[in-house]
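Novice: Structure file coords-v2.tsv, TSV, N, CA, C and O atoms, is pasted below:
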```tsv
chain	number	residue	atom	x	y	z
S	244	MET	N	48.29	171.85	46.49
S	244	MET	CA	49.72	171.81	46.75
S	244	MET	C	50.01	171.24	48.14
S	244	MET	O	50.98	170.50	48.31
S	245	ARG	N	49.15	171.62	49.09
S	245	ARG	CA	49.35	171.13	50.45
S	245	ARG	C	49.18	169.61	50.51
S	245	ARG	O	49.94	168.91	51.16
S	246	LYS	N	48.17	169.10	49.82
S	246	LYS	CA	47.95	167.66	49.79
S	246	LYS	C	49.11	166.95	49.09
S	246	LYS	O	49.53	165.87	49.52
S	247	GLN	N	49.62	167.56	48.05
S	247	GLN	CA	50.76	166.97	47.36
S	247	GLN	C	51.99	166.91	48.27
S	247	GLN	O	52.72	165.93	48.29
S	248	GLN	N	52.18	167.98	49.05
S	248	GLN	CA	53.30	168.02	50.00
S	248	GLN	C	53.14	166.94	51.07
S	248	GLN	O	54.10	166.25	51.42
S	249	GLN	N	51.91	166.78	51.58
S	249	GLN	CA	51.66	165.73	52.57
S	249	GLN	C	51.93	164.35	51.98
S	249	GLN	O	52.51	163.48	52.64
S	250	LEU	N	51.50	164.15	50.74
S	250	LEU	CA	51.72	162.88	50.06
S	250	LEU	C	53.22	162.62	49.89
S	250	LEU	O	53.70	161.51	50.14
S	251	ASP	N	53.96	163.64	49.49
S	251	ASP	CA	55.41	163.49	49.33
S	251	ASP	C	56.08	163.17	50.67
S	251	ASP	O	56.97	162.32	50.75
S	252	ASP	N	55.64	163.87	51.73
S	252	ASP	CA	56.19	163.62	53.06
S	252	ASP	C	55.92	162.18	53.51
S	252	ASP	O	56.80	161.50	54.03
S	253	LEU	N	54.70	161.71	53.30
S	253	LEU	CA	54.34	160.35	53.68
S	253	LEU	C	55.11	159.32	52.85
S	253	LEU	O	55.53	158.28	53.36
S	254	THR	N	55.31	159.61	51.58
S	254	THR	CA	56.08	158.71	50.72
S	254	THR	C	57.53	158.62	51.19
S	254	THR	O	58.10	157.53	51.26
S	255	ASN	N	58.11	159.76	51.53
S	255	ASN	CA	59.48	159.78	52.06
S	255	ASN	C	59.57	159.03	53.40
S	255	ASN	O	60.52	158.29	53.65
S	256	GLN	N	58.59	159.24	54.24
S	256	GLN	CA	58.57	158.58	55.54
S	256	GLN	C	58.45	157.06	55.36
S	256	GLN	O	59.13	156.29	56.04
S	257	ALA	N	57.62	156.62	54.43
S	257	ALA	CA	57.47	155.19	54.16
S	257	ALA	C	58.78	154.61	53.65
S	257	ALA	O	59.17	153.50	54.05
S	258	ALA	N	59.48	155.33	52.80
S	258	ALA	CA	60.77	154.86	52.29
S	258	ALA	C	61.79	154.74	53.42
S	258	ALA	O	62.55	153.76	53.49
S	259	GLN	N	61.82	155.72	54.31
S	259	GLN	CA	62.73	155.68	55.45
S	259	GLN	C	62.41	154.49	56.36
S	259	GLN	O	63.31	153.80	56.84
S	260	LEU	N	61.12	154.26	56.60
S	260	LEU	CA	60.72	153.15	57.45
S	260	LEU	C	61.08	151.81	56.82
S	260	LEU	O	61.51	150.88	57.51
S	261	ARG	N	60.93	151.69	55.50
S	261	ARG	CA	61.32	150.46	54.81
S	261	ARG	C	62.83	150.24	54.94
S	261	ARG	O	63.30	149.12	55.17
S	262	ASN	N	63.59	151.31	54.82
S	262	ASN	CA	65.03	151.23	54.97
S	262	ASN	C	65.42	150.79	56.39
S	262	ASN	O	66.25	149.91	56.57
S	263	GLN	N	64.80	151.41	57.38
S	263	GLN	CA	65.06	151.02	58.77
S	263	GLN	C	64.67	149.57	59.02
S	263	GLN	O	65.38	148.84	59.71
S	264	ASN	N	63.55	149.17	58.44
S	264	ASN	CA	63.09	147.79	58.60
S	264	ASN	C	64.11	146.82	58.01
S	264	ASN	O	64.42	145.78	58.61
S	265	GLY	N	64.65	147.14	56.87
S	265	GLY	CA	65.67	146.30	56.24
S	265	GLY	C	66.92	146.18	57.10
S	265	GLY	O	67.50	145.10	57.24
S	266	GLN	N	67.34	147.30	57.69
S	266	GLN	CA	68.51	147.29	58.57
S	266	GLN	C	68.26	146.44	59.81
S	266	GLN	O	69.13	145.66	60.24
S	267	ILE	N	67.07	146.56	60.37
S	267	ILE	CA	66.72	145.78	61.56
S	267	ILE	C	66.68	144.30	61.21
S	267	ILE	O	67.16	143.45	61.98
S	268	GLU	N	66.13	143.96	60.05
S	268	GLU	CA	66.08	142.56	59.64
S	268	GLU	C	67.49	142.00	59.46
S	268	GLU	O	67.76	140.84	59.82
S	269	MET	N	68.42	142.79	58.94
S	269	MET	CA	69.80	142.35	58.79
S	269	MET	C	70.44	142.12	60.16
S	269	MET	O	71.16	141.14	60.36
S	270	GLN	N	70.18	143.01	61.11
S	270	GLN	CA	70.72	142.86	62.45
S	270	GLN	C	70.16	141.60	63.12
S	270	GLN	O	70.90	140.86	63.78
S	271	ILE	N	68.88	141.35	62.94
S	271	ILE	CA	68.26	140.15	63.51
S	271	ILE	C	68.89	138.90	62.90
S	271	ILE	O	69.23	137.95	63.61
S	272	SER	N	69.10	138.92	61.60
S	272	SER	CA	69.72	137.78	60.93
S	272	SER	C	71.12	137.53	61.46
S	272	SER	O	71.51	136.39	61.74
S	273	LEU	N	71.90	138.58	61.62
S	273	LEU	CA	73.25	138.45	62.16
S	273	LEU	C	73.22	137.89	63.57
S	273	LEU	O	74.00	136.99	63.92
S	274	GLN	N	72.32	138.41	64.40
S	274	GLN	CA	72.22	137.93	65.78
S	274	GLN	C	71.81	136.46	65.82
S	274	GLN	O	72.31	135.70	66.65
S	275	ARG	N	70.91	136.06	64.96
S	275	ARG	CA	70.51	134.65	64.92
S	275	ARG	C	71.68	133.76	64.52
S	275	ARG	O	71.85	132.68	65.07
S	276	ARG	N	72.48	134.19	63.54
S	276	ARG	CA	73.65	133.40	63.15
S	276	ARG	C	74.65	133.31	64.29
S	276	ARG	O	75.20	132.24	64.56
S	277	GLN	N	74.87	134.42	64.99
S	277	GLN	CA	75.79	134.40	66.13
S	277	GLN	C	75.25	133.50	67.24
S	277	GLN	O	76.00	132.75	67.86
S	278	TYR	N	73.95	133.55	67.46
S	278	TYR	CA	73.33	132.70	68.48
S	278	TYR	C	73.51	131.22	68.12
S	278	TYR	O	73.86	130.41	68.97
S	279	THR	N	73.31	130.89	66.85
S	279	THR	CA	73.47	129.51	66.41
S	279	THR	C	74.90	129.05	66.61
S	279	THR	O	75.15	127.93	67.06
S	280	THR	N	75.86	129.91	66.29
S	280	THR	CA	77.27	129.58	66.48
S	280	THR	C	77.56	129.30	67.95
S	280	THR	O	78.22	128.32	68.29
S	281	VAL	N	77.05	130.14	68.82
S	281	VAL	CA	77.27	129.97	70.25
S	281	VAL	C	76.59	128.68	70.74
S	281	VAL	O	77.15	127.95	71.57
S	282	GLU	N	75.41	128.38	70.23
S	282	GLU	CA	74.71	127.15	70.61
S	282	GLU	C	75.52	125.92	70.22
S	282	GLU	O	75.62	124.97	70.99
S	283	VAL	N	76.11	125.94	69.03
S	283	VAL	CA	76.92	124.81	68.58
S	283	VAL	C	78.16	124.67	69.48
S	283	VAL	O	78.50	123.57	69.92
S	284	GLU	N	78.82	125.78	69.75
S	284	GLU	CA	79.99	125.75	70.62
S	284	GLU	C	79.61	125.26	72.01
S	284	GLU	O	80.35	124.49	72.63
S	285	ASN	N	78.47	125.67	72.50
S	285	ASN	CA	77.98	125.25	73.81
S	285	ASN	C	77.74	123.75	73.83
S	285	ASN	O	78.09	123.06	74.79
S	286	ALA	N	77.15	123.21	72.77
S	286	ALA	CA	76.89	121.77	72.69
S	286	ALA	C	78.21	120.99	72.69
S	286	ALA	O	78.33	119.96	73.35
S	287	ILE	N	79.20	121.50	71.97
S	287	ILE	CA	80.51	120.85	71.94
S	287	ILE	C	81.13	120.85	73.33
S	287	ILE	O	81.66	119.84	73.80
S	288	LEU	N	81.07	122.00	74.00
S	288	LEU	CA	81.65	122.10	75.34
S	288	LEU	C	80.93	121.18	76.32
S	288	LEU	O	81.56	120.56	77.18
S	289	ARG	N	79.62	121.07	76.20
S	289	ARG	CA	78.88	120.16	77.08
S	289	ARG	C	79.29	118.71	76.83
S	289	ARG	O	79.43	117.94	77.77
S	290	ALA	N	79.48	118.34	75.58
S	290	ALA	CA	79.91	116.99	75.25
S	290	ALA	C	81.31	116.73	75.81
S	290	ALA	O	81.58	115.65	76.36
S	291	GLN	N	82.19	117.72	75.68
S	291	GLN	CA	83.54	117.57	76.23
S	291	GLN	C	83.50	117.46	77.74
S	291	GLN	O	84.24	116.67	78.33
S	292	LEU	N	82.65	118.24	78.37
S	292	LEU	CA	82.50	118.17	79.82
S	292	LEU	C	82.04	116.79	80.24
S	292	LEU	O	82.57	116.20	81.18
S	293	HIS	N	81.08	116.25	79.52
S	293	HIS	CA	80.56	114.92	79.83
S	293	HIS	C	81.66	113.87	79.69
S	293	HIS	O	81.84	113.02	80.56
S	294	GLU	N	82.42	113.94	78.60
S	294	GLU	CA	83.50	112.98	78.38
S	294	GLU	C	84.58	113.09	79.45
S	294	GLU	O	85.04	112.08	80.00
S	295	LEU	N	84.97	114.32	79.78
S	295	LEU	CA	86.00	114.51	80.80
S	295	LEU	C	85.52	114.07	82.18
S	295	LEU	O	86.29	113.53	82.98
S	296	THR	N	84.25	114.27	82.46
S	296	THR	CA	83.68	113.82	83.73
S	296	THR	C	83.75	112.31	83.83
S	296	THR	O	84.12	111.76	84.86
S	297	GLN	N	83.40	111.64	82.73
S	297	GLN	CA	83.47	110.17	82.73
S	297	GLN	C	84.91	109.69	82.90
S	297	GLN	O	85.17	108.73	83.62
S	298	ARG	N	85.85	110.36	82.25
S	298	ARG	CA	87.26	109.99	82.41
S	298	ARG	C	87.71	110.16	83.86
S	298	ARG	O	88.41	109.31	84.41
S	299	LEU	N	87.32	111.27	84.45
S	299	LEU	CA	87.69	111.54	85.83
S	299	LEU	C	87.10	110.49	86.76
S	299	LEU	O	87.79	110.00	87.66
S	300	GLN	N	85.86	110.13	86.53
S	300	GLN	CA	85.22	109.10	87.36
S	300	GLN	C	85.94	107.76	87.20
S	300	GLN	O	86.08	107.01	88.16
S	301	SER	N	86.38	107.44	86.00
S	301	SER	CA	87.05	106.16	85.79
S	301	SER	C	88.46	106.16	86.37
S	301	SER	O	88.98	105.11	86.73
S	302	LEU	N	89.10	107.31	86.50
S	302	LEU	CA	90.45	107.38	87.05
S	302	LEU	C	90.46	107.38	88.58
S	302	LEU	O	91.45	106.98	89.19
S	303	THR	N	89.41	107.80	89.20
S	303	THR	CA	89.37	107.87	90.66
S	303	THR	C	89.61	106.52	91.30
S	303	THR	O	90.43	106.41	92.23
S	304	PRO	N	88.96	105.42	90.86
S	304	PRO	CA	89.26	104.12	91.46
S	304	PRO	C	90.71	103.67	91.22
S	304	PRO	O	91.33	103.04	92.08
S	305	VAL	N	91.27	104.02	90.07
S	305	VAL	CA	92.66	103.67	89.77
S	305	VAL	C	93.59	104.35	90.78
S	305	VAL	O	94.54	103.73	91.28
S	306	LEU	N	93.33	105.59	91.07
S	306	LEU	CA	94.14	106.30	92.07
S	306	LEU	C	94.01	105.65	93.44
S	306	LEU	O	94.98	105.56	94.19
S	307	GLY	N	92.81	105.19	93.75
S	307	GLY	CA	92.60	104.51	95.03
S	307	GLY	C	93.39	103.22	95.11
S	307	GLY	O	94.00	102.90	96.15
S	308	ILE	N	93.40	102.47	94.02
S	308	ILE	CA	94.17	101.21	93.99
S	308	ILE	C	95.66	101.51	94.11
S	308	ILE	O	96.38	100.83	94.84
S	309	ALA	N	96.13	102.50	93.38
S	309	ALA	CA	97.54	102.87	93.44
S	309	ALA	C	97.92	103.28	94.85
S	309	ALA	O	99.02	102.97	95.34
S	310	GLU	N	97.04	103.96	95.53
S	310	GLU	CA	97.30	104.39	96.90
S	310	GLU	C	97.40	103.18	97.83
S	310	GLU	O	98.27	103.10	98.69
S	311	GLU	N	96.50	102.20	97.63
S	311	GLU	CA	96.50	101.00	98.48
S	311	GLU	C	97.76	100.17	98.24
S	311	GLU	O	98.38	99.68	99.18
S	312	ILE	N	98.14	100.02	96.99
S	312	ILE	CA	99.32	99.21	96.66
S	312	ILE	C	100.59	99.90	97.11
S	312	ILE	O	101.47	99.28	97.71
S	313	GLY	N	100.70	101.16	96.82
S	313	GLY	CA	101.91	101.90	97.15
S	313	GLY	C	102.02	102.25	98.61
S	313	GLY	O	103.10	102.55	99.11
S	314	GLY	N	100.92	102.26	99.31
S	314	GLY	CA	100.92	102.60	100.72
S	314	GLY	C	101.14	104.07	101.00
S	314	GLY	O	101.35	104.48	102.13
S	315	THR	N	101.11	104.90	99.98
S	315	THR	CA	101.27	106.33	100.19
S	315	THR	C	100.03	107.05	99.68
S	315	THR	O	99.34	106.57	98.78
S	316	ALA	N	99.80	108.16	100.24
S	316	ALA	CA	98.65	108.95	99.81
S	316	ALA	C	98.98	109.64	98.50
S	316	ALA	O	100.01	110.30	98.38
S	317	THR	N	98.14	109.45	97.52
S	317	THR	CA	98.35	110.12	96.23
S	317	THR	C	97.72	111.49	96.21
S	317	THR	O	97.88	112.21	95.25
S	318	GLY	N	97.01	111.78	97.25
S	318	GLY	CA	96.35	113.08	97.29
S	318	GLY	C	95.24	113.19	96.27
S	318	GLY	O	95.04	114.23	95.66
S	319	LYS	N	94.55	112.08	96.05
S	319	LYS	CA	93.48	112.12	95.05
S	319	LYS	C	92.40	113.09	95.51
S	319	LYS	O	91.92	113.02	96.63
S	320	PRO	N	92.06	113.99	94.65
S	320	PRO	CA	91.03	114.97	95.03
S	320	PRO	C	89.64	114.34	94.91
S	320	PRO	O	89.41	113.43	94.13
S	321	GLU	N	88.78	114.84	95.73
S	321	GLU	CA	87.37	114.45	95.60
S	321	GLU	C	86.80	115.13	94.37
S	321	GLU	O	87.12	116.28	94.08
S	322	ILE	N	85.95	114.44	93.67
S	322	ILE	CA	85.32	115.02	92.49
S	322	ILE	C	84.18	115.93	92.95
S	322	ILE	O	83.30	115.48	93.68
S	323	PRO	N	84.22	117.20	92.56
S	323	PRO	CA	83.13	118.10	92.95
S	323	PRO	C	81.79	117.57	92.43
S	323	PRO	O	81.70	117.04	91.33
S	324	ALA	N	80.78	117.71	93.26
S	324	ALA	CA	79.47	117.16	92.93
S	324	ALA	C	78.92	117.70	91.61
S	324	ALA	O	78.29	116.96	90.85
S	325	HIS	N	79.15	118.98	91.30
S	325	HIS	CA	78.58	119.53	90.08
S	325	HIS	C	79.24	118.94	88.83
S	325	HIS	O	78.65	118.93	87.76
S	326	LEU	N	80.45	118.39	88.96
S	326	LEU	CA	81.08	117.74	87.81
S	326	LEU	C	80.51	116.34	87.57
S	326	LEU	O	80.59	115.81	86.48
S	327	LEU	N	79.97	115.76	88.62
S	327	LEU	CA	79.36	114.44	88.47
S	327	LEU	C	77.97	114.53	87.87
S	327	LEU	O	77.40	113.53	87.46
S	328	ARG	N	77.43	115.72	87.83
S	328	ARG	CA	76.10	115.94	87.26
S	328	ARG	C	76.18	117.08	86.24
S	328	ARG	O	75.68	118.18	86.49
S	329	PRO	N	76.80	116.84	85.07
S	329	PRO	CA	76.98	117.94	84.11
S	329	PRO	C	75.66	118.48	83.57
S	329	PRO	O	75.61	119.58	83.07
S	330	TRP	N	74.60	117.72	83.69
S	330	TRP	CA	73.30	118.19	83.23
S	330	TRP	C	72.67	119.16	84.22
S	330	TRP	O	71.67	119.77	83.93
S	331	GLN	N	73.28	119.31	85.38
S	331	GLN	CA	72.78	120.25	86.39
S	331	GLN	C	73.85	121.28	86.72
S	331	GLN	O	74.23	121.45	87.87
S	332	LEU	N	74.34	121.95	85.71
S	332	LEU	CA	75.38	122.95	85.92
S	332	LEU	C	74.82	124.15	86.66
S	332	LEU	O	73.61	124.41	86.61
S	333	PRO	N	75.69	124.91	87.32
S	333	PRO	CA	75.21	126.08	88.05
S	333	PRO	C	74.41	127.05	87.18
S	333	PRO	O	73.45	127.64	87.62
S	334	TYR	N	74.81	127.18	85.91
S	334	TYR	CA	74.08	128.05	85.00
S	334	TYR	C	73.28	127.15	84.08
S	334	TYR	O	73.81	126.54	83.18
S	335	SER	N	72.00	127.09	84.31
S	335	SER	CA	71.17	126.14	83.57
S	335	SER	C	70.87	126.65	82.17
S	335	SER	O	71.14	127.78	81.82
S	336	GLU	N	70.27	125.79	81.38
S	336	GLU	CA	69.91	126.15	80.01
S	336	GLU	C	68.77	127.17	79.99
S	336	GLU	O	68.51	127.76	78.97
S	337	ARG	N	68.12	127.34	81.10
S	337	ARG	CA	67.03	128.34	81.13
S	337	ARG	C	67.56	129.71	80.75
S	337	ARG	O	66.90	130.47	80.08
S	338	LEU	N	68.78	130.02	81.14
S	338	LEU	CA	69.39	131.30	80.77
S	338	LEU	C	69.54	131.37	79.25
S	338	LEU	O	69.23	132.37	78.64
S	339	THR	N	69.99	130.29	78.64
S	339	THR	CA	70.15	130.23	77.19
S	339	THR	C	68.80	130.36	76.51
S	339	THR	O	68.66	131.07	75.53
S	340	LEU	N	67.79	129.67	77.03
S	340	LEU	CA	66.47	129.74	76.41
S	340	LEU	C	65.89	131.14	76.51
S	340	LEU	O	65.24	131.61	75.61
S	341	ALA	N	66.14	131.81	77.63
S	341	ALA	CA	65.65	133.17	77.77
S	341	ALA	C	66.32	134.06	76.74
S	341	ALA	O	65.68	134.93	76.15
S	342	THR	N	67.59	133.83	76.47
S	342	THR	CA	68.29	134.61	75.46
S	342	THR	C	67.71	134.32	74.08
S	342	THR	O	67.53	135.22	73.29
S	343	ALA	N	67.39	133.08	73.82
S	343	ALA	CA	66.81	132.71	72.53
S	343	ALA	C	65.46	133.40	72.34
S	343	ALA	O	65.12	133.85	71.26
S	344	ASN	N	64.69	133.47	73.41
S	344	ASN	CA	63.37	134.09	73.31
S	344	ASN	C	63.48	135.58	73.01
S	344	ASN	O	62.61	136.14	72.36
S	345	THR	N	64.53	136.22	73.49
S	345	THR	CA	64.66	137.65	73.21
S	345	THR	C	64.99	137.92	71.76
S	345	THR	O	64.76	139.01	71.26
S	346	LEU	N	65.54	136.92	71.07
S	346	LEU	CA	65.87	137.10	69.67
S	346	LEU	C	64.65	136.93	68.76
S	346	LEU	O	64.68	137.32	67.62
S	347	GLN	N	63.59	136.32	69.28
S	347	GLN	CA	62.42	136.09	68.46
S	347	GLN	C	61.48	137.29	68.57
S	347	GLN	O	61.09	137.67	69.66
S	348	PHE	N	61.15	137.85	67.44
S	348	PHE	CA	60.28	139.03	67.44
S	348	PHE	C	58.91	138.66	66.96
S	348	PHE	O	58.64	137.88	66.17
```
Go ahead and render the structure in this file as structure tokens.
Specialist:
Amino acid sequence: MRKQQQLDDLTNQAAQLRNQNGQIEMQISLQRRQYTTVEVENAILRAQLHELTQRLQSLTPVLGIAEEIGGTATGKPEIPAHLLRPWQLPYSERLTLATANTLQF
């Protein structure tokens, strides 16, 4: 009877562990989908940043010409250095990669 009780206990424990494992796998799947969504949004934002940086760079000479012709200061702002190098943002992709690595078990 004691061995039967131990067997029943182990069977119940195995079932509980399988259930927990299934829940954890679902959570991992959800996190991976959320991570993928954020990665896509991040790629879109980086592309937009690149396009806007190029537009800003192309408008700066136009403002200079307008200032020379008009003889008045247009107050053209200097382009911040980090905007001229969108691939070297203050928060690098290493942070993103570290997050990706934590999702891999």
Novice: Rounded to one decimal, what separation in Å do you get between atom N of Thr279 (chain S) and CA of Ile267 (chain S)?
Specialist: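 Taking atom N of Thr279 (chain S) and CA of Ile267 (chain S), their separation equals 17.1 Å.
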Novice: Just how far from atom N of Arg261 (chain S) is atom O of Gln249 (chain S), in Å to one decimal?
Specialist: 14.8 Å
Novice: For atom O of Leu250 (chain S) and atom C of Glu268 (chain S), determine how far apart the two atoms are, in Å to one decimal place.
Specialist: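 Separation of atom O of Leu250 (chain S) and atom C of Glu268 (chain S): 25.6 Å.
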Novice: Using the structure just given, write a file holding N, CA, C and O atoms for region 259-271 of chain S, as a PDB file, in the first residue's frame.
Specialist:
```pdb
ATOM      1  N   GLN S 259       1.213  17.508 -12.419  1.00  0.00           N
ATOM      2  CA  GLN S 259       1.318  18.921 -12.057  1.00  0.00           C
ATOM      3  C   GLN S 259       2.492  19.581 -12.796  1.00  0.00           C
ATOM      4  O   GLN S 259       2.374  20.707 -13.286  1.00  0.00           O
ATOM      5  N   LEU S 260       3.615  18.878 -12.858  1.00  0.00           N
ATOM      6  CA  LEU S 260       4.780  19.429 -13.544  1.00  0.00           C
ATOM      7  C   LEU S 260       4.523  19.593 -15.038  1.00  0.00           C
ATOM      8  O   LEU S 260       4.946  20.583 -15.645  1.00  0.00           O
ATOM      9  N   ARG S 261       3.810  18.642 -15.647  1.00  0.00           N
ATOM     10  CA  ARG S 261       3.464  18.769 -17.061  1.00  0.00           C
ATOM     11  C   ARG S 261       2.553  19.978 -17.270  1.00  0.00           C
ATOM     12  O   ARG S 261       2.705  20.737 -18.237  1.00  0.00           O
ATOM     13  N   ASN S 262       1.622  20.177 -16.363  1.00  0.00           N
ATOM     14  CA  ASN S 262       0.725  21.324 -16.436  1.00  0.00           C
ATOM     15  C   ASN S 262       1.504  22.639 -16.313  1.00  0.00           C
ATOM     16  O   ASN S 262       1.305  23.567 -17.094  1.00  0.00           O
ATOM     17  N   GLN S 263       2.397  22.705 -15.342  1.00  0.00           N
ATOM     18  CA  GLN S 263       3.227  23.905 -15.171  1.00  0.00           C
ATOM     19  C   GLN S 263       4.096  24.142 -16.400  1.00  0.00           C
ATOM     20  O   GLN S 263       4.264  25.280 -16.841  1.00  0.00           O
ATOM     21  N   ASN S 264       4.630  23.058 -16.950  1.00  0.00           N
ATOM     22  CA  ASN S 264       5.467  23.171 -18.136  1.00  0.00           C
ATOM     23  C   ASN S 264       4.663  23.743 -19.300  1.00  0.00           C
ATOM     24  O   ASN S 264       5.143  24.613 -20.043  1.00  0.00           O
ATOM     25  N   GLY S 265       3.445  23.299 -19.467  1.00  0.00           N
ATOM     26  CA  GLY S 265       2.578  23.820 -20.526  1.00  0.00           C
ATOM     27  C   GLY S 265       2.293  25.302 -20.349  1.00  0.00           C
ATOM     28  O   GLY S 265       2.300  26.067 -21.317  1.00  0.00           O
ATOM     29  N   GLN S 266       2.048  25.717 -19.110  1.00  0.00           N
ATOM     30  CA  GLN S 266       1.794  27.133 -18.832  1.00  0.00           C
ATOM     31  C   GLN S 266       3.029  27.979 -19.131  1.00  0.00           C
ATOM     32  O   GLN S 266       2.927  29.068 -19.718  1.00  0.00           O
ATOM     33  N   ILE S 267       4.185  27.471 -18.752  1.00  0.00           N
ATOM     34  CA  ILE S 267       5.432  28.200 -19.005  1.00  0.00           C
ATOM     35  C   ILE S 267       5.685  28.300 -20.504  1.00  0.00           C
ATOM     36  O   ILE S 267       6.089  29.356 -21.010  1.00  0.00           O
ATOM     37  N   GLU S 268       5.422  27.229 -21.239  1.00  0.00           N
ATOM     38  CA  GLU S 268       5.608  27.266 -22.688  1.00  0.00           C
ATOM     39  C   GLU S 268       4.672  28.289 -23.330  1.00  0.00           C
ATOM     40  O   GLU S 268       5.060  28.991 -24.268  1.00  0.00           O
ATOM     41  N   MET S 269       3.444  28.405 -22.832  1.00  0.00           N
ATOM     42  CA  MET S 269       2.509  29.401 -23.352  1.00  0.00           C
ATOM     43  C   MET S 269       3.015  30.814 -23.062  1.00  0.00           C
ATOM     44  O   MET S 269       2.933  31.696 -23.918  1.00  0.00           O
ATOM     45  N   GLN S 270       3.545  31.032 -21.874  1.00  0.00           N
ATOM     46  CA  GLN S 270       4.081  32.340 -21.515  1.00  0.00           C
ATOM     47  C   GLN S 270       5.281  32.691 -22.401  1.00  0.00           C
ATOM     48  O   GLN S 270       5.409  33.833 -22.851  1.00  0.00           O
ATOM     49  N   ILE S 271       6.138  31.723 -22.647  1.00  0.00           N
ATOM     50  CA  ILE S 271       7.301  31.948 -23.510  1.00  0.00           C
ATOM     51  C   ILE S 271       6.836  32.305 -24.919  1.00  0.00           C
ATOM     52  O   ILE S 271       7.350  33.243 -25.541  1.00  0.00           O
TER      53      ILE S 271
END
```
